[in-house]
$ cat target39.pdb   # PDB, C-alpha atoms
ATOM      1  CA  MET A 321     -30.155 -11.185   8.280
ATOM      2  CA  ASN A 322     -27.050 -12.121  10.250
ATOM      3  CA  SER A 323     -27.337 -14.681  13.054
ATOM      4  CA  PRO A 324     -25.955 -13.883  16.550
ATOM      5  CA  THR A 325     -22.927 -16.044  15.740
ATOM      6  CA  ASP A 326     -22.357 -14.189  12.474
ATOM      7  CA  ASN A 327     -22.557 -10.860  14.304
ATOM      8  CA  ASP A 328     -20.027 -11.998  16.914
ATOM      9  CA  GLN A 329     -17.633 -12.981  14.135
ATOM     10  CA  LEU A 330     -18.120  -9.632  12.382
ATOM     11  CA  HIS A 331     -17.402  -7.677  15.564
ATOM     12  CA  ALA A 332     -14.248  -9.729  16.130
ATOM     13  CA  MET A 333     -12.874  -8.914  12.672
ATOM     14  CA  ALA A 334     -10.807  -5.825  11.937
ATOM     15  CA  SER A 335     -12.643  -3.108  10.018
ATOM     16  CA  THR A 336      -9.950  -3.390   7.322
ATOM     17  CA  ALA A 337     -10.314  -7.181   6.991
ATOM     18  CA  GLY A 338      -9.736  -8.431   3.460
ATOM     19  CA  TYR A 339      -8.429  -5.168   2.040
ATOM     20  CA  GLY A 340      -4.683  -5.752   2.265
ATOM     21  CA  GLU A 341      -4.764  -9.146   0.553
ATOM     22  CA  ALA A 342      -7.044  -7.894  -2.234
ATOM     23  CA  ALA A 343      -5.530  -4.414  -2.575
ATOM     24  CA  GLN A 344      -4.538  -4.679  -6.235
ATOM     25  CA  ALA A 345      -7.915  -6.018  -7.385
ATOM     26  CA  LEU A 346      -9.781  -3.502  -5.231
ATOM     27  CA  ALA A 347      -7.714  -0.603  -6.542
ATOM     28  CA  GLU A 348      -8.553  -1.633 -10.100
ATOM     29  CA  GLN A 349     -12.232  -1.823  -9.154
ATOM     30  CA  TYR A 350     -12.202   1.603  -7.512
ATOM     31  CA  GLU A 351     -10.378   3.218 -10.417
ATOM     32  CA  SER A 352     -12.772   1.681 -12.976
ATOM     33  CA  VAL A 353     -15.427   4.295 -12.159
ATOM     34  CA  THR A 354     -14.811   8.024 -12.096
ATOM     35  CA  PHE A 355     -15.076  10.378  -9.150
ATOM     36  CA  ASP A 356     -17.848  12.276 -10.956
ATOM     37  CA  GLU A 357     -19.887   9.112 -11.505
ATOM     38  CA  VAL A 358     -19.527   7.810  -7.947
ATOM     39  CA  HIS A 359     -20.406  11.177  -6.398
ATOM     40  CA  ARG A 360     -22.902  12.465  -8.945
ATOM     41  CA  GLU A 361     -25.581  12.900  -6.248
ATOM     42  CA  VAL A 362     -23.429  15.213  -4.125
ATOM     43  CA  LEU A 363     -20.988  16.928  -6.498
ATOM     44  CA  HIS A 364     -22.825  20.231  -6.075
ATOM     45  CA  LEU A 365     -22.143  20.119  -2.333
ATOM     46  CA  PHE A 366     -18.346  19.996  -2.553
ATOM     47  CA  PRO A 367     -16.481  23.295  -2.031
ATOM     48  CA  SER A 368     -16.120  25.439  -5.147
ATOM     49  CA  ARG A 369     -13.121  27.355  -3.772
ATOM     50  CA  PRO A 370      -9.806  25.743  -2.752
ATOM     51  CA  SER A 371     -10.453  24.155   0.634
ATOM     52  CA  SER A 372      -9.024  21.713   3.150
ATOM     53  CA  VAL A 373     -10.371  18.192   2.551
ATOM     54  CA  LEU A 374     -10.015  14.944   4.497
ATOM     55  CA  ASP A 375     -10.720  11.700   2.617
ATOM     56  CA  VAL A 376     -11.260   9.013   5.281
ATOM     57  CA  GLY A 377     -10.606   5.478   4.069
ATOM     58  CA  ALA A 378      -9.115   6.866   0.887
ATOM     59  CA  GLY A 379      -8.438   3.473  -0.701
ATOM     60  CA  SER A 380      -6.709   3.837  -4.053
ATOM     61  CA  GLY A 381      -6.860   7.623  -3.861
ATOM     62  CA  ARG A 382      -9.372   8.093  -6.693
ATOM     63  CA  ASP A 383     -11.408  10.675  -4.781
ATOM     64  CA  ALA A 384      -8.405  12.346  -3.158
ATOM     65  CA  ALA A 385      -6.741  12.778  -6.556
ATOM     66  CA  ALA A 386      -9.865  14.233  -8.150
ATOM     67  CA  LEU A 387     -10.264  16.729  -5.325
ATOM     68  CA  ALA A 388      -6.577  17.666  -5.422
ATOM     69  CA  ALA A 389      -6.886  18.241  -9.175
ATOM     70  CA  ARG A 390      -9.670  20.734  -8.397
ATOM     71  CA  GLY A 391      -7.255  22.748  -6.271
ATOM     72  CA  HIS A 392      -8.113  21.447  -2.799
ATOM     73  CA  ARG A 393      -5.575  20.645  -0.073
ATOM     74  CA  VAL A 394      -6.231  16.957   0.462
ATOM     75  CA  VAL A 395      -5.302  14.607   3.283
ATOM     76  CA  ALA A 396      -5.910  10.937   2.438
ATOM     77  CA  ALA A 397      -6.298   8.790   5.564
ATOM     78  CA  GLU A 398      -5.915   5.095   4.712
ATOM     79  CA  PRO A 399      -5.093   2.431   7.329
ATOM     80  CA  THR A 400      -4.194  -0.386   4.898
ATOM     81  CA  ALA A 401      -0.505  -0.136   3.970
ATOM     82  CA  GLU A 402      -0.974  -1.933   0.648
ATOM     83  CA  MET A 403      -3.696   0.505  -0.412
ATOM     84  CA  ARG A 404      -1.611   3.527   0.601
ATOM     85  CA  ALA A 405       1.306   2.263  -1.486
ATOM     86  CA  LEU A 406      -0.916   1.705  -4.509
ATOM     87  CA  GLY A 407      -2.589   5.080  -4.081
ATOM     88  CA  ARG A 408       0.731   6.889  -3.929
ATOM     89  CA  ARG A 409       1.848   5.138  -7.109
ATOM     90  CA  ILE A 410      -1.367   5.471  -9.108
ATOM     91  CA  HIS A 411      -1.811   9.147  -8.281
ATOM     92  CA  ALA A 412       1.812  10.214  -8.002
ATOM     93  CA  GLY A 413       1.041  13.261 -10.144
ATOM     94  CA  GLN A 414      -1.332  14.773  -7.582
ATOM     95  CA  GLU A 415      -0.339  16.590  -4.403
ATOM     96  CA  ILE A 416      -1.935  14.411  -1.719
ATOM     97  CA  GLU A 417      -0.864  14.072   1.915
ATOM     98  CA  TRP A 418      -1.174  10.370   2.721
ATOM     99  CA  VAL A 419      -1.491   9.408   6.403
ATOM    100  CA  ASP A 420      -1.883   6.122   8.269
ATOM    101  CA  ASP A 421      -4.970   6.823  10.366
ATOM    102  CA  ALA A 422      -8.338   5.162  10.856
ATOM    103  CA  LEU A 423     -11.773   5.412  12.392
ATOM    104  CA  PRO A 424     -13.198   5.303  14.939
ATOM    105  CA  GLU A 425     -10.453   7.306  16.669
ATOM    106  CA  LEU A 426      -8.477   9.030  13.871
ATOM    107  CA  SER A 427      -5.983   9.525  16.680
ATOM    108  CA  GLY A 428      -3.176  11.005  14.580
ATOM    109  CA  LEU A 429      -5.214  13.759  12.967
ATOM    110  CA  THR A 430      -7.075  14.455  16.202
ATOM    111  CA  ALA A 431      -3.835  14.813  18.156
ATOM    112  CA  GLN A 432      -2.586  17.317  15.594
ATOM    113  CA  GLY A 433      -5.711  19.441  15.993
ATOM    114  CA  ARG A 434      -6.389  19.374  12.258
ATOM    115  CA  ARG A 435      -9.576  20.980  10.885
ATOM    116  CA  PHE A 436     -11.203  20.512   7.480
ATOM    117  CA  ASP A 437     -13.838  22.235   5.357
ATOM    118  CA  LEU A 438     -14.927  18.878   3.921
ATOM    119  CA  VAL A 439     -14.678  15.368   5.322
ATOM    120  CA  LEU A 440     -15.458  12.617   2.810
ATOM    121  CA  LEU A 441     -16.280   9.020   3.778
ATOM    122  CA  THR A 442     -16.892   6.879   0.710
ATOM    123  CA  ALA A 443     -17.968   3.288   1.481
ATOM    124  CA  VAL A 444     -16.490   3.497   4.983
ATOM    125  CA  TRP A 445     -19.245   3.885   7.578
ATOM    126  CA  MET A 446     -20.601   0.311   7.252
ATOM    127  CA  HIS A 447     -17.265  -1.109   8.473
ATOM    128  CA  LEU A 448     -17.922   0.245  11.985
ATOM    129  CA  ASP A 449     -20.203  -1.343  14.544
ATOM    130  CA  GLU A 450     -22.744   0.729  16.468
ATOM    131  CA  ARG A 451     -20.424   1.610  19.342
ATOM    132  CA  GLN A 452     -17.658   2.588  16.951
ATOM    133  CA  ARG A 453     -20.024   4.715  14.853
ATOM    134  CA  THR A 454     -20.984   6.705  17.935
ATOM    135  CA  SER A 455     -17.342   7.320  18.824
ATOM    136  CA  ALA A 456     -16.401   8.053  15.210
ATOM    137  CA  MET A 457     -19.112  10.673  14.728
ATOM    138  CA  ALA A 458     -17.793  12.650  17.684
ATOM    139  CA  ARG A 459     -14.245  12.456  16.327
ATOM    140  CA  LEU A 460     -15.290  13.549  12.851
ATOM    141  CA  VAL A 461     -17.267  16.522  14.115
ATOM    142  CA  GLY A 462     -14.164  17.568  16.043
ATOM    143  CA  LEU A 463     -12.234  17.660  12.766
ATOM    144  CA  LEU A 464     -14.694  19.957  10.989
ATOM    145  CA  GLU A 465     -14.287  23.682  10.569
ATOM    146  CA  THR A 466     -17.283  25.825  11.508
ATOM    147  CA  GLU A 467     -19.894  25.249   8.773
ATOM    148  CA  GLY A 468     -17.732  22.408   7.470
ATOM    149  CA  ARG A 469     -19.434  19.555   5.635
ATOM    150  CA  MET A 470     -19.281  15.811   5.945
ATOM    151  CA  VAL A 471     -20.329  13.734   2.933
ATOM    152  CA  LEU A 472     -20.710   9.993   3.411
ATOM    153  CA  SER A 473     -22.157   7.031   1.562
ATOM    154  CA  LEU A 474     -23.988   4.142   3.228
ATOM    155  CA  ARG A 475     -23.851   0.710   1.593
ATOM    156  CA  HIS A 476     -26.936  -1.496   1.594
ATOM    157  CA  GLY A 477     -26.856  -5.115   0.500
ATOM    158  CA  PRO A 478     -25.080  -8.444   0.997
ATOM    159  CA  VAL A 479     -21.717  -8.517   2.772
ATOM    160  CA  PRO A 480     -18.826  -9.873   0.669
ATOM    161  CA  VAL A 481     -17.126 -12.952   2.071
ATOM    162  CA  GLY A 482     -14.191 -12.105   4.330
ATOM    163  CA  ARG A 483     -15.257  -8.490   4.944
ATOM    164  CA  ARG A 484     -16.541  -6.784   8.069
ATOM    165  CA  MET A 485     -19.681  -4.787   7.291
ATOM    166  CA  PHE A 486     -22.790  -3.885   9.260
ATOM    167  CA  SER A 487     -26.275  -2.825   8.208
ATOM    168  CA  VAL A 488     -26.558   0.939   8.734
ATOM    169  CA  SER A 489     -29.663   2.964   7.930
ATOM    170  CA  ALA A 490     -29.895   6.574   6.851
ATOM    171  CA  GLY A 491     -32.266   7.235   9.766
ATOM    172  CA  GLU A 492     -29.801   5.991  12.378
ATOM    173  CA  THR A 493     -26.954   7.966  10.814
ATOM    174  CA  ILE A 494     -28.986  11.175  10.611
ATOM    175  CA  SER A 495     -30.089  10.834  14.238
ATOM    176  CA  LEU A 496     -26.500  10.286  15.362
ATOM    177  CA  ALA A 497     -25.298  13.247  13.310
ATOM    178  CA  ARG A 498     -27.948  15.575  14.692
ATOM    179  CA  GLY A 499     -26.993  14.528  18.208
ATOM    180  CA  HIS A 500     -23.519  15.877  17.485
ATOM    181  CA  GLY A 501     -24.639  19.232  16.077
ATOM    182  CA  LEU A 502     -24.780  18.338  12.379
ATOM    183  CA  ASP A 503     -27.664  19.286  10.109
ATOM    184  CA  VAL A 504     -28.729  17.265   7.059
ATOM    185  CA  VAL A 505     -28.357  19.313   3.885
ATOM    186  CA  HIS A 506     -28.859  16.489   1.374
ATOM    187  CA  GLU A 507     -30.021  12.876   1.210
ATOM    188  CA  ALA A 508     -30.150  10.738  -1.935
ATOM    189  CA  GLN A 509     -30.365   7.086  -2.916
ATOM    190  CA  ARG A 510     -28.855   5.424  -5.941
ATOM    191  CA  GLU A 511     -27.935   2.092  -7.521
ATOM    192  CA  ASP A 512     -24.481   0.583  -7.163
ATOM    193  CA  PRO A 513     -22.030   2.287  -9.577
ATOM    194  CA  HIS A 514     -20.328  -1.091 -10.074
ATOM    195  CA  GLY A 515     -23.609  -2.797 -10.931
ATOM    196  CA  ARG A 516     -23.413  -5.407  -8.157
ATOM    197  CA  PRO A 517     -26.715  -7.265  -7.653
ATOM    198  CA  GLY A 518     -28.611  -6.298  -4.509
ATOM    199  CA  VAL A 519     -26.265  -3.426  -3.624
ATOM    200  CA  ALA A 520     -27.523   0.159  -3.298
ATOM    201  CA  TRP A 521     -26.291   3.341  -1.628
ATOM    202  CA  THR A 522     -27.533   6.294   0.376
ATOM    203  CA  TYR A 523     -25.590   9.552   0.156
ATOM    204  CA  LEU A 524     -25.773  12.004   3.033
ATOM    205  CA  ALA A 525     -24.363  15.511   3.291
ATOM    206  CA  LEU A 526     -24.150  16.882   6.809
ATOM    207  CA  GLN A 527     -23.075  20.347   7.885
ATOM    208  CA  LEU A 528     -21.855  21.767  11.168
ATOM    209  CA  GLY A 529     -23.832  24.801  12.216
ATOM    210  CA  ALA A 530     -26.003  24.905   9.097
ATOM    211  CA  GLY A 531     -29.238  25.429  10.998
TER
END
$ encode --input "target39.pdb" --output "structure tokens"
Amino acid sequence: MNSPTDNDQLHAMASTAGYGEAAQALAEQYESVTFDEVHREVLHLFPSRPSSVLDVGAGSGRDAAALAARGHRVVAAEPTAEMRALGRRIHAGQEIEWVDDALPELSGLTAQGRRFDLVLLTAVWMHLDERQRTSAMARLVGLLETEGRMVLSLRHGPVPVGRRMFSVSAGETISLARGHGLDVVHEAQREDPHGRPGVAWTYLALQLGAG
């Protein structure tokens, strides 16, 4: 459990803290497990026909590349310049639109009026504090097509040194989503794909206008 002082320090940090300096090592970590393994709980919920996809916090581009290879039109939003550069290089063979944009506002994509059939947030949501999560949910819903889906993973476990992460429950996230017109179409728990002690994940699939 974090102390009040710890929480103050976490709130003061940038949500991307630690990612630029460790970009190379993190990219290698991300690429060491496949898209199919990371998303095995929700693969059946991704569009089967070519669709518009937004990968928020795209990191090394592993997920964006896999989705592009399946014929989707993919926008990879990644605020860390070092990660964007690595992603472009690692997945140069895939047609991915890389953009410098970030939660909670996603101001660039919002200003453009973009809409997506699928919004993917892999290991992203825990970087936002409660106020930011509320703002971000509204922004994300505004980027969804009618009956569009949002798939996100929630990290549970110890916070790595030098990173900004908050404890986020599935119940809180579901309640917030429902308050913005999203219905839960899937919920699953699983162990950490990287085998880190004490780390587990919840996967949620939410849909606009599914009810």
$ closest_residue --input "target39.pdb" --among "A:Glu402, A:Glu351, A:Glu361, A:Asp512" --to "Ala386 in chain A" --atoms "all atoms listed in the file"
A:Glu351
$ residues_near_point --input "target39.pdb" --point "(-18.2, 2.5, -10.3)" --cutoff "6 Å" --atoms "only C-alpha atoms" --output "PDB file with C-alpha atoms, in the frame of the given file"
ATOM      1  CA  VAL A 353     -15.427   4.295 -12.159  1.00  0.00           C
ATOM      2  CA  VAL A 358     -19.527   7.810  -7.947  1.00  0.00           C
ATOM      3  CA  PRO A 513     -22.030   2.287  -9.577  1.00  0.00           C
ATOM      4  CA  HIS A 514     -20.328  -1.091 -10.074  1.00  0.00           C
TER       5      HIS A 514
END
$ resolve_selection --input "target39.pdb" --expression "the PyMOL selection byres ((chain A and resi 520) around 6)" --output "ChimeraX atom specification"
/A:476,511-512,519,521
$ atom_distance --input "target39.pdb" --atom1 "CA of Gly477 in chain A" --atom2 "CA of Leu346 in chain A"
18.1 Å
$ resolve_selection --input "target39.pdb" --expression "the PyMOL selection byres ((chain A and resi 382) around 10)" --output "list of chain:residue names"
A:Ala347, A:Tyr350, A:Glu351, A:Ser352, A:Val353, A:Thr354, A:Phe355, A:Ala378, A:Gly379, A:Ser380, A:Gly381, A:Asp383, A:Ala384, A:Ala385, A:Ala386, A:Leu387, A:Gly407, A:Ile410, A:His411
$ residues_near_point --input "target39.pdb" --point "(-14.9, 4.7, -1.2)" --cutoff "7 Å" --atoms "all atoms listed in the file" --output "MDAnalysis selection string"
chainID A and resid 377:379 441:444
$ resolve_selection --input "target39.pdb" --expression "the PyMOL selection byres ((chain A and resi 425-428) around 9)" --output "list in words"
Ala397, Val419, Asp420, Asp421, Ala422, Leu423, Pro424, Leu429, Thr430, Ala431, Gln432, Gly433, Gln452, Ser455, Ala456, Arg459 and Leu460 of chain A
$ build_atoms --input "target39.pdb" --residues "range 500-526 of chain A" --atoms "N, CA, C and O atoms" --output "short mmCIF file (atom, residue, chain, number, x, y, z; two decimals), in the frame of the given file"
data_model
loop_
_atom_site.label_atom_id
_atom_site.label_comp_id
_atom_site.auth_asym_id
_atom_site.auth_seq_id
_atom_site.Cartn_x
_atom_site.Cartn_y
_atom_site.Cartn_z
N HIS A 500 -24.85 15.27 17.37
CA HIS A 500 -23.52 15.88 17.48
C HIS A 500 -23.45 17.24 16.79
O HIS A 500 -22.37 17.72 16.45
N GLY A 501 -24.61 17.86 16.59
CA GLY A 501 -24.64 19.23 16.08
C GLY A 501 -24.59 19.37 14.58
O GLY A 501 -24.38 20.49 14.06
N LEU A 502 -24.79 18.28 13.84
CA LEU A 502 -24.78 18.34 12.38
C LEU A 502 -26.20 18.42 11.84
O LEU A 502 -27.13 17.80 12.38
N ASP A 503 -26.38 19.19 10.79
CA ASP A 503 -27.66 19.29 10.11
C ASP A 503 -27.58 18.56 8.77
O ASP A 503 -26.53 18.58 8.11
N VAL A 504 -28.68 17.94 8.35
CA VAL A 504 -28.73 17.26 7.06
C VAL A 504 -29.02 18.29 5.98
O VAL A 504 -30.04 18.99 6.03
N VAL A 505 -28.13 18.39 5.00
CA VAL A 505 -28.36 19.31 3.88
C VAL A 505 -28.69 18.58 2.59
O VAL A 505 -29.13 19.19 1.63
N HIS A 506 -28.51 17.25 2.58
CA HIS A 506 -28.86 16.49 1.37
C HIS A 506 -28.93 15.01 1.71
O HIS A 506 -28.14 14.50 2.50
N GLU A 507 -29.90 14.33 1.10
CA GLU A 507 -30.02 12.88 1.21
C GLU A 507 -30.48 12.34 -0.14
O GLU A 507 -31.43 12.86 -0.73
N ALA A 508 -29.79 11.31 -0.64
CA ALA A 508 -30.15 10.74 -1.94
C ALA A 508 -29.85 9.25 -1.94
O ALA A 508 -28.96 8.78 -1.22
N GLN A 509 -30.60 8.52 -2.74
CA GLN A 509 -30.36 7.09 -2.92
C GLN A 509 -30.00 6.82 -4.37
O GLN A 509 -30.44 7.54 -5.27
N ARG A 510 -29.21 5.79 -4.57
CA ARG A 510 -28.86 5.42 -5.94
C ARG A 510 -28.46 3.95 -6.03
O ARG A 510 -28.20 3.30 -5.01
N GLU A 511 -28.38 3.46 -7.28
CA GLU A 511 -27.94 2.09 -7.52
C GLU A 511 -26.42 2.00 -7.33
O GLU A 511 -25.74 3.03 -7.22
N ASP A 512 -25.92 0.79 -7.31
CA ASP A 512 -24.48 0.58 -7.16
C ASP A 512 -23.76 0.99 -8.44
O ASP A 512 -24.09 0.50 -9.53
N PRO A 513 -22.75 1.88 -8.37
CA PRO A 513 -22.03 2.29 -9.58
C PRO A 513 -21.28 1.15 -10.25
O PRO A 513 -20.96 1.23 -11.44
N HIS A 514 -21.00 0.07 -9.50
CA HIS A 514 -20.33 -1.09 -10.07
C HIS A 514 -21.31 -2.15 -10.58
O HIS A 514 -20.89 -3.18 -11.10
N GLY A 515 -22.60 -1.89 -10.42
CA GLY A 515 -23.61 -2.80 -10.93
C GLY A 515 -23.73 -4.11 -10.19
O GLY A 515 -24.22 -5.10 -10.75
N ARG A 516 -23.33 -4.16 -8.92
CA ARG A 516 -23.41 -5.41 -8.16
C ARG A 516 -24.85 -5.70 -7.74
O ARG A 516 -25.54 -4.81 -7.22
N PRO A 517 -25.33 -6.91 -7.97
CA PRO A 517 -26.72 -7.26 -7.65
C PRO A 517 -27.03 -7.08 -6.17
O PRO A 517 -26.25 -7.48 -5.30
N GLY A 518 -28.16 -6.45 -5.88
CA GLY A 518 -28.61 -6.30 -4.51
C GLY A 518 -27.94 -5.20 -3.72
O GLY A 518 -28.26 -4.98 -2.56
N VAL A 519 -26.99 -4.48 -4.33
CA VAL A 519 -26.26 -3.43 -3.62
C VAL A 519 -26.80 -2.05 -4.04
O VAL A 519 -26.99 -1.79 -5.23
N ALA A 520 -27.08 -1.21 -3.05
CA ALA A 520 -27.52 0.16 -3.30
C ALA A 520 -26.85 1.07 -2.27
O ALA A 520 -26.23 0.59 -1.32
N TRP A 521 -26.99 2.38 -2.47
CA TRP A 521 -26.29 3.34 -1.63
C TRP A 521 -27.20 4.50 -1.23
O TRP A 521 -28.07 4.90 -2.00
N THR A 522 -26.96 5.02 -0.05
CA THR A 522 -27.53 6.29 0.38
C THR A 522 -26.39 7.28 0.53
O THR A 522 -25.35 6.95 1.12
N TYR A 523 -26.58 8.48 0.00
CA TYR A 523 -25.59 9.55 0.16
C TYR A 523 -26.15 10.61 1.08
O TYR A 523 -27.28 11.08 0.87
N LEU A 524 -25.38 10.99 2.08
CA LEU A 524 -25.77 12.00 3.03
C LEU A 524 -24.74 13.13 3.06
O LEU A 524 -23.53 12.86 3.04
N ALA A 525 -25.23 14.35 3.08
CA ALA A 525 -24.36 15.51 3.29
C ALA A 525 -24.81 16.17 4.58
O ALA A 525 -25.99 16.50 4.75
N LEU A 526 -23.88 16.34 5.49
CA LEU A 526 -24.15 16.88 6.81
C LEU A 526 -23.29 18.12 7.02
O LEU A 526 -22.15 18.16 6.56
#
